[in-house]
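Source file: entry.cif; contents: mmCIF, C-alpha atoms, pLDDT in the B column; chains and numbers go by the auth columns.
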```cif
data_upload
#
loop_
_atom_site.group_PDB
_atom_site.id
_atom_site.type_symbol
_atom_site.label_atom_id
_atom_site.label_comp_id
_atom_site.label_asym_id
_atom_site.label_seq_id
_atom_site.Cartn_x
_atom_site.Cartn_y
_atom_site.Cartn_z
_atom_site.B_iso_or_equiv
_atom_site.auth_seq_id
_atom_site.auth_asym_id
ATOM 1 C CA GLN A 1 123.220 97.230 83.147 74.00 9 A
ATOM 2 C CA THR A 2 120.726 100.063 82.834 74.00 10 A
ATOM 3 C CA HIS A 3 119.022 98.320 79.913 79.00 11 A
ATOM 4 C CA GLY A 4 119.055 95.043 81.836 73.00 12 A
ATOM 5 C CA VAL A 5 117.324 96.583 84.848 82.00 13 A
ATOM 6 C CA SER A 6 114.731 98.256 82.609 80.00 14 A
ATOM 7 C CA TRP A 7 114.043 94.948 80.869 78.00 15 A
ATOM 8 C CA LEU A 8 113.715 93.076 84.184 87.00 16 A
ATOM 9 C CA CYS A 9 111.369 95.743 85.552 80.00 17 A
ATOM 10 C CA ALA A 10 109.200 95.518 82.428 81.00 18 A
ATOM 11 C CA LEU A 11 108.966 91.745 82.911 86.00 19 A
ATOM 12 C CA LEU A 12 108.068 92.278 86.561 85.00 20 A
ATOM 13 C CA GLN A 13 105.316 94.753 85.720 87.00 21 A
ATOM 14 C CA GLN A 14 103.811 92.181 83.349 85.00 22 A
ATOM 15 C CA GLU A 15 104.278 89.413 85.957 86.00 23 A
ATOM 16 C CA ILE A 16 106.139 87.329 83.390 88.00 24 A
ATOM 17 C CA GLY A 17 109.446 86.578 85.105 91.00 25 A
ATOM 18 C CA GLY A 18 112.609 85.896 83.165 91.00 26 A
ATOM 19 C CA ILE A 19 116.179 84.700 82.911 86.00 27 A
ATOM 20 C CA LEU A 20 119.085 87.114 83.240 87.00 28 A
ATOM 21 C CA ALA A 21 121.935 85.223 81.614 82.00 29 A
ATOM 22 C CA ASP A 22 125.155 87.194 81.246 68.00 30 A
ATOM 23 C CA GLU A 23 128.779 86.190 81.495 60.00 31 A
ATOM 24 C CA MET A 24 130.558 86.465 84.825 63.00 32 A
ATOM 25 C CA GLY A 25 131.556 89.982 85.837 56.00 33 A
ATOM 26 C CA LEU A 26 128.869 91.846 83.896 59.00 34 A
ATOM 27 C CA GLY A 27 126.838 92.893 86.933 74.00 35 A
ATOM 28 C CA LYS A 28 123.978 90.421 87.162 81.00 36 A
ATOM 29 C CA THR A 29 123.726 90.908 90.930 83.00 37 A
ATOM 30 C CA ALA A 30 123.639 94.691 90.553 83.00 38 A
ATOM 31 C CA GLN A 31 120.830 94.316 88.016 87.00 39 A
ATOM 32 C CA ALA A 32 118.970 92.062 90.445 89.00 40 A
ATOM 33 C CA PHE A 33 119.308 94.824 93.088 87.00 41 A
ATOM 34 C CA GLY A 34 117.724 97.233 90.618 86.00 42 A
ATOM 35 C CA LEU A 35 114.856 94.791 90.138 90.00 43 A
ATOM 36 C CA ILE A 36 114.411 94.370 93.901 90.00 44 A
ATOM 37 C CA LYS A 37 114.467 98.146 94.430 88.00 45 A
ATOM 38 C CA HIS A 38 111.827 98.548 91.707 89.00 46 A
ATOM 39 C CA GLY A 39 109.748 95.866 93.422 89.00 47 A
ATOM 40 C CA ILE A 40 109.932 97.750 96.718 88.00 48 A
ATOM 41 C CA ASP A 41 109.074 101.034 95.004 89.00 49 A
ATOM 42 C CA THR A 42 105.965 99.420 93.488 90.00 50 A
ATOM 43 C CA GLY A 43 104.754 98.013 96.805 88.00 51 A
ATOM 44 C CA PHE A 44 106.272 94.543 96.970 89.00 52 A
ATOM 45 C CA ASN A 45 106.640 93.345 100.556 86.00 53 A
ATOM 46 C CA ASN A 46 107.608 89.662 100.294 91.00 54 A
ATOM 47 C CA MET A 47 110.639 88.934 98.159 94.00 55 A
ATOM 48 C CA LEU A 48 112.868 85.900 98.216 96.00 56 A
ATOM 49 C CA VAL A 49 116.417 85.468 96.951 97.00 57 A
ATOM 50 C CA VAL A 50 117.692 81.886 96.713 98.00 58 A
ATOM 51 C CA ALA A 51 121.424 81.396 96.236 96.00 59 A
ATOM 52 C CA PRO A 52 124.112 78.793 96.833 96.00 60 A
ATOM 53 C CA ALA A 53 125.185 78.750 100.492 95.00 61 A
ATOM 54 C CA ALA A 54 128.569 80.257 99.612 94.00 62 A
ATOM 55 C CA LEU A 55 126.852 83.346 98.171 94.00 63 A
ATOM 56 C CA VAL A 56 124.261 84.131 100.861 95.00 64 A
ATOM 57 C CA PHE A 57 126.635 86.367 102.847 95.00 65 A
ATOM 58 C CA ASN A 58 127.902 87.875 99.601 93.00 66 A
ATOM 59 C CA TRP A 59 124.353 89.005 98.792 93.00 67 A
ATOM 60 C CA SER A 60 124.128 90.663 102.214 93.00 68 A
ATOM 61 C CA ARG A 61 127.518 92.377 101.813 92.00 69 A
ATOM 62 C CA GLU A 62 126.614 93.632 98.340 90.00 70 A
ATOM 63 C CA ILE A 63 123.258 94.950 99.548 88.00 71 A
ATOM 64 C CA LYS A 64 124.953 96.841 102.401 88.00 72 A
ATOM 65 C CA LYS A 65 127.483 98.249 99.935 86.00 73 A
ATOM 66 C CA PHE A 66 125.206 99.242 97.036 79.00 74 A
ATOM 67 C CA VAL A 67 121.711 99.540 98.569 79.00 75 A
ATOM 68 C CA PRO A 68 122.414 100.310 102.248 85.00 76 A
ATOM 69 C CA ASP A 69 118.821 101.314 102.980 83.00 77 A
ATOM 70 C CA LEU A 70 117.475 97.932 101.830 84.00 78 A
ATOM 71 C CA PRO A 71 116.547 95.837 104.889 85.00 79 A
ATOM 72 C CA HIS A 72 116.968 92.104 104.462 91.00 80 A
ATOM 73 C CA TYR A 73 116.869 88.905 106.479 93.00 81 A
ATOM 74 C CA LEU A 74 119.364 86.063 106.124 95.00 82 A
ATOM 75 C CA HIS A 75 117.617 82.757 106.734 95.00 83 A
ATOM 76 C CA ILE A 76 120.619 80.912 108.180 93.00 84 A
ATOM 77 C CA GLY A 77 121.795 79.019 111.245 90.00 85 A
ATOM 78 C CA SER A 78 119.959 77.474 114.141 87.00 86 A
ATOM 79 C CA GLU A 79 118.394 80.819 115.151 85.00 87 A
ATOM 80 C CA ARG A 80 116.517 81.206 111.857 89.00 88 A
ATOM 81 C CA VAL A 81 112.772 81.896 111.798 82.00 89 A
ATOM 82 C CA PHE A 82 110.685 78.736 111.516 83.00 90 A
ATOM 83 C CA ARG A 83 107.148 80.097 111.335 87.00 91 A
ATOM 84 C CA ALA A 84 105.751 81.115 107.952 89.00 92 A
ATOM 85 C CA ASP A 85 103.964 84.169 109.359 88.00 93 A
ATOM 86 C CA GLU A 86 107.214 85.493 110.855 88.00 94 A
ATOM 87 C CA LEU A 87 109.149 84.685 107.694 88.00 95 A
ATOM 88 C CA SER A 88 106.647 86.522 105.503 87.00 96 A
ATOM 89 C CA ASN A 89 107.132 89.711 107.561 85.00 97 A
ATOM 90 C CA GLN A 90 110.844 89.966 106.798 87.00 98 A
ATOM 91 C CA GLY A 91 110.524 91.868 103.485 87.00 99 A
ATOM 92 C CA LEU A 92 113.520 90.576 101.546 93.00 100 A
ATOM 93 C CA VAL A 93 114.591 87.075 102.588 95.00 101 A
ATOM 94 C CA ILE A 94 117.865 85.516 101.423 96.00 102 A
ATOM 95 C CA VAL A 95 118.227 81.751 101.748 97.00 103 A
ATOM 96 C CA SER A 96 120.476 79.013 100.411 97.00 104 A
ATOM 97 C CA TYR A 97 119.096 76.319 98.133 97.00 105 A
ATOM 98 C CA ASP A 98 119.773 73.704 100.815 96.00 106 A
ATOM 99 C CA LEU A 99 117.919 75.556 103.586 96.00 107 A
ATOM 100 C CA LEU A 100 115.078 76.319 101.206 97.00 108 A
ATOM 101 C CA VAL A 101 114.665 72.588 100.661 97.00 109 A
ATOM 102 C CA ARG A 102 115.018 71.823 104.377 95.00 110 A
ATOM 103 C CA ASP A 103 112.500 74.497 105.423 95.00 111 A
ATOM 104 C CA SER A 104 110.326 74.204 102.313 95.00 112 A
ATOM 105 C CA ALA A 105 107.062 73.710 104.209 94.00 113 A
ATOM 106 C CA ASN A 106 107.268 77.268 105.564 93.00 114 A
ATOM 107 C CA PHE A 107 108.490 78.824 102.322 95.00 115 A
ATOM 108 C CA LYS A 108 105.676 77.210 100.325 96.00 116 A
ATOM 109 C CA LYS A 109 103.028 78.680 102.666 95.00 117 A
ATOM 110 C CA ILE A 110 104.015 82.228 101.746 95.00 118 A
ATOM 111 C CA SER A 111 102.731 84.152 98.765 95.00 119 A
ATOM 112 C CA TRP A 112 105.938 85.747 97.476 96.00 120 A
ATOM 113 C CA ASP A 113 105.717 88.901 95.393 94.00 121 A
ATOM 114 C CA MET A 114 108.934 87.905 93.633 95.00 122 A
ATOM 115 C CA VAL A 115 111.505 85.095 93.758 97.00 123 A
ATOM 116 C CA ILE A 116 115.035 85.514 92.397 96.00 124 A
ATOM 117 C CA CYS A 117 117.233 82.426 92.005 96.00 125 A
ATOM 118 C CA ASP A 118 120.928 83.251 91.774 95.00 126 A
ATOM 119 C CA GLU A 119 123.236 80.759 90.071 92.00 127 A
ATOM 120 C CA ALA A 120 120.078 79.261 88.588 90.00 128 A
ATOM 121 C CA GLN A 121 122.033 76.440 86.973 89.00 129 A
ATOM 122 C CA TYR A 122 121.458 74.750 90.351 91.00 130 A
ATOM 123 C CA LEU A 123 117.915 74.167 89.059 92.00 131 A
ATOM 124 C CA LYS A 124 118.769 72.598 85.701 89.00 132 A
ATOM 125 C CA ASN A 125 117.871 69.062 86.816 88.00 133 A
ATOM 126 C CA PRO A 126 114.046 68.966 86.718 88.00 134 A
ATOM 127 C CA THR A 127 113.944 65.881 88.945 90.00 135 A
ATOM 128 C CA SER A 128 116.018 67.436 91.745 94.00 136 A
ATOM 129 C CA ARG A 129 114.372 68.349 95.024 96.00 137 A
ATOM 130 C CA ARG A 130 115.545 71.971 94.820 95.00 138 A
ATOM 131 C CA HIS A 131 114.022 72.339 91.328 94.00 139 A
ATOM 132 C CA GLN A 132 110.739 70.920 92.563 95.00 140 A
ATOM 133 C CA ILE A 133 110.651 73.172 95.647 97.00 141 A
ATOM 134 C CA VAL A 134 111.404 76.356 93.686 97.00 142 A
ATOM 135 C CA SER A 135 108.751 75.345 91.139 95.00 143 A
ATOM 136 C CA GLU A 136 106.221 74.914 93.952 96.00 144 A
ATOM 137 C CA LEU A 137 106.863 78.320 95.531 96.00 145 A
ATOM 138 C CA ASN A 138 103.815 80.547 95.303 95.00 146 A
ATOM 139 C CA SER A 139 104.997 83.675 93.511 93.00 147 A
ATOM 140 C CA ASN A 140 103.681 86.241 91.073 79.00 148 A
ATOM 141 C CA CYS A 141 107.057 86.380 89.379 94.00 149 A
ATOM 142 C CA LYS A 142 110.197 84.248 89.323 96.00 150 A
ATOM 143 C CA PHE A 143 113.536 85.343 87.931 94.00 151 A
ATOM 144 C CA MET A 144 116.619 83.250 87.228 93.00 152 A
ATOM 145 C CA VAL A 145 120.112 84.763 87.319 91.00 153 A
ATOM 146 C CA THR A 146 122.897 82.704 85.805 88.00 154 A
ATOM 147 C CA GLY A 147 126.164 82.996 83.966 81.00 155 A
ATOM 148 C CA THR A 148 125.723 79.536 82.491 72.00 156 A
ATOM 149 C CA PRO A 149 122.158 79.121 81.193 61.00 157 A
ATOM 150 C CA ILE A 150 123.059 76.260 78.907 61.00 158 A
ATOM 151 C CA GLU A 151 126.078 74.366 80.146 61.00 159 A
ATOM 152 C CA ASN A 152 125.745 71.102 78.296 64.00 160 A
ATOM 153 C CA ARG A 153 122.392 70.884 76.579 71.00 161 A
ATOM 154 C CA LEU A 154 119.276 72.823 75.619 75.00 162 A
ATOM 155 C CA LEU A 155 117.230 70.802 78.084 75.00 163 A
ATOM 156 C CA ASP A 156 118.902 72.860 80.845 78.00 164 A
ATOM 157 C CA LEU A 157 117.208 75.939 79.399 80.00 165 A
ATOM 158 C CA TRP A 158 113.843 74.135 79.330 82.00 166 A
ATOM 159 C CA SER A 159 114.263 73.344 83.038 82.00 167 A
ATOM 160 C CA LEU A 160 114.798 77.003 83.957 87.00 168 A
ATOM 161 C CA VAL A 161 111.977 78.303 81.766 85.00 169 A
ATOM 162 C CA ASN A 162 109.650 75.656 83.177 86.00 170 A
ATOM 163 C CA VAL A 163 110.220 77.016 86.704 89.00 171 A
ATOM 164 C CA ILE A 164 109.378 80.553 85.568 89.00 172 A
ATOM 165 C CA ARG A 165 106.495 79.782 83.209 85.00 173 A
ATOM 166 C CA PRO A 166 105.408 76.139 83.497 82.00 174 A
ATOM 167 C CA GLY A 167 104.358 74.720 80.147 73.00 175 A
ATOM 168 C CA LEU A 168 105.610 77.663 78.057 81.00 176 A
ATOM 169 C CA LEU A 169 107.990 75.399 76.119 69.00 177 A
ATOM 170 C CA GLY A 170 105.687 72.387 76.337 69.00 178 A
ATOM 171 C CA ASN A 171 106.414 69.362 78.457 75.00 179 A
ATOM 172 C CA LYS A 172 109.894 67.891 78.701 75.00 180 A
ATOM 173 C CA ARG A 173 109.259 65.108 76.197 78.00 181 A
ATOM 174 C CA ALA A 174 107.787 67.466 73.583 72.00 182 A
ATOM 175 C CA PHE A 175 110.691 69.893 73.996 78.00 183 A
ATOM 176 C CA GLN A 176 113.228 67.079 73.666 74.00 184 A
ATOM 177 C CA SER A 177 111.606 65.929 70.435 76.00 185 A
ATOM 178 C CA LEU A 178 111.928 69.463 69.035 74.00 186 A
ATOM 179 C CA ILE A 179 115.641 69.749 69.762 71.00 187 A
ATOM 180 C CA GLU A 180 116.779 66.242 68.878 71.00 188 A
ATOM 181 C CA ASP A 181 119.004 66.047 65.859 58.00 189 A
ATOM 182 C CA SER A 182 117.452 64.139 63.031 49.00 190 A
ATOM 183 C CA PRO A 183 119.741 62.014 60.887 49.00 191 A
ATOM 184 C CA SER A 184 120.442 63.478 57.486 48.00 192 A
ATOM 185 C CA ASP A 185 120.228 61.400 54.312 43.00 193 A
#
```
Render the structure in this file as structure tokens.
Amino acid sequence: QTHGVSWLCALLQQEIGGILADEMGLGKTAQAFGLIKHGIDTGFNNMLVVAPAALVFNWSREIKKFVPDLPHYLHIGSERVFRADELSNQGLVIVSYDLLVRDSANFKKISWDMVICDEAQYLKNPTSRRHQIVSELNSNCKFMVTGTPIENRLLDLWSLVNVIRPGLLGNKRAFQSLIEDSPSD
């Protein structure tokens, strides 16, 4: 985990972003906390964590347990903040993929210092609304956290990398042509 946090922090300092892909139970969330703490220590004020709805409260519980001095805002329920200027003053914002899509107009107005997408396999379909919204977020650095980076095909990996660094692996068609099996003679 220590090496993972160091690696993530190095990526953050270079504003590259990255994918943390470890098996379940190896402490990906703890490593993400280390990255967030490093971001705060280096002056980051606007950070966003996007997670499945079932994990939003888990993120809050884990923060209170492991980083109790880390203030955070859960963007949930009918009482949630709806103005971009108020949302951008929250420091660390935690939101579900569904509410991010629903409230995307406000989230896209903010210049995020860092975006972390937990269970990033939720973004593997490049035509999905959630993939498009996360891709459109204005951020210096995006990180994907997943235990299943490639579930069924390499194109899933292209989708995640394309959110972090658009065009790094070429366009979808070019990438597909590189990974297609050619018939052997």
Might I get the box with edges along x, y and z of the file that holds all atoms of segment 90-96 of chain A listed there, padded by 6 Å on every side, given as centre and edge lengths in Å to one decimal, as AutoDock Vina command-line options?
```
--center_x 107.3 --center_y 82.6 --center_z 108.5 --size_x 18.7 --size_y 19.8 --size_z 18.0
```
With all atoms listed in the file as the counted atoms, please give the residues lying no more than 8 Å from Thr154 of chain A, apart from itself and same-chain residues fewer than 6 positions off, as a PyMOL selection string. chain A and resi 27-30+36+126-129
Tell me which protein, DNA and RNA residues are within 9 Å of Leu20 of chain A, counting all atoms listed in the file, leaving out same-chain ones fewer than 4 positions away, and put them as a count of residues only. 13
Which distance in Å separates atom CA of Leu108 of chain A and atom CA of Lys73 of chain A, to one decimal?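 If I compute the distance from atom CA of Leu108 of chain A to atom CA of Lys73 of chain A, I get 25.2 Å.
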Could you work out how far atom CA of Tyr81 of chain A lies from atom CA of Val103 of chain A, giving the answer in Å with one decimal?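 Answer for the atom CA of Val103 of chain A to atom CA of Tyr81 of chain A separation: 8.7 Å.
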Would you pick out the contacts of Phe90 of chain A at 8 Å or less, using only C-alpha atoms, so that residues sharing its chain but fewer than 3 positions from it are not included, and give the list as a ChimeraX atom specification? /A:94-95,111,114
Please save C-alpha atoms of the selected residues as a CSV table (one decimal), in the frame of the given file.
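Saved to part10.csv:
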```
chain,number,residue,atom,x,y,z
A,94,GLU,CA,107.2,85.5,110.9
A,95,LEU,CA,109.1,84.7,107.7
A,111,ASP,CA,112.5,74.5,105.4
A,114,ASN,CA,107.3,77.3,105.6
```
Name the residues that the PyMOL selection byres ((chain A and resi 168) around 8) picks from the file above, as a ChimeraX atom specification, using the file's chain letters and numbers. /A:27,128-129,131-132,152,164-167,169-172
Among listed residues A:Asn133, A:Leu107, A:Arg69, A:Leu19, nearest Ser86 of chain A (using only C-alpha atoms): A:Leu107
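One finds atom CA of Ala40 of chain A at 17.5 Å from atom CA of Tyr105 of chain A.
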Output of the PyMOL selection byres ((chain A and resi 102) around 8), listed as an MDAnalysis selection string: chainID A and resid 56:59 64 67 80:83 100:101 103:104
Requested write-out: C-alpha atoms of the selected residues, as a PDB file, in the frame of the given file:
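Contents of the output file again-v6.pdb:
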```
ATOM      1  CA  LEU A  56     112.868  85.900  98.216  1.00 96.00           C
ATOM      2  CA  VAL A  57     116.417  85.468  96.951  1.00 97.00           C
ATOM      3  CA  VAL A  58     117.692  81.886  96.713  1.00 98.00           C
ATOM      4  CA  ALA A  59     121.424  81.396  96.236  1.00 96.00           C
ATOM      5  CA  VAL A  64     124.261  84.131 100.861  1.00 95.00           C
ATOM      6  CA  TRP A  67     124.353  89.005  98.792  1.00 93.00           C
ATOM      7  CA  HIS A  80     116.968  92.104 104.462  1.00 91.00           C
ATOM      8  CA  TYR A  81     116.869  88.905 106.479  1.00 93.00           C
ATOM      9  CA  LEU A  82     119.364  86.063 106.124  1.00 95.00           C
ATOM     10  CA  HIS A  83     117.617  82.757 106.734  1.00 95.00           C
ATOM     11  CA  LEU A 100     113.520  90.576 101.546  1.00 93.00           C
ATOM     12  CA  VAL A 101     114.591  87.075 102.588  1.00 95.00           C
ATOM     13  CA  VAL A 103     118.227  81.751 101.748  1.00 97.00           C
ATOM     14  CA  SER A 104     120.476  79.013 100.411  1.00 97.00           C
TER      15      SER A 104
END
```
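In terms of minimum interatomic distance to Asp49 of chain A, A:Gln21 ranks closest within A:Asn66, A:Ala61, A:Gln21, A:Ala113, counting only C-alpha atoms.
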Given all atoms listed in the file as the counted atoms, nearest of A:Phe52, A:Pro174, A:Leu163, A:Ile141 to Ile187 of chain A: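 Residue with the minimum atom-to-atom distance to Ile187 of chain A: A:Leu163.
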Ranking A:Asn146, A:Lys45, A:Asp106, A:Asp93 by minimum distance to Pro79 of chain A and counting all atoms listed in the file, which one comes first?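 The shortest atom-to-atom distance to Pro79 of chain A comes from A:Lys45.
The residue that comes closest to Leu63 of chain A, out of A:Cys125, A:Val13, A:Ile48, A:Leu145 and on the basis of all atoms listed in the file, is A:Cys125.
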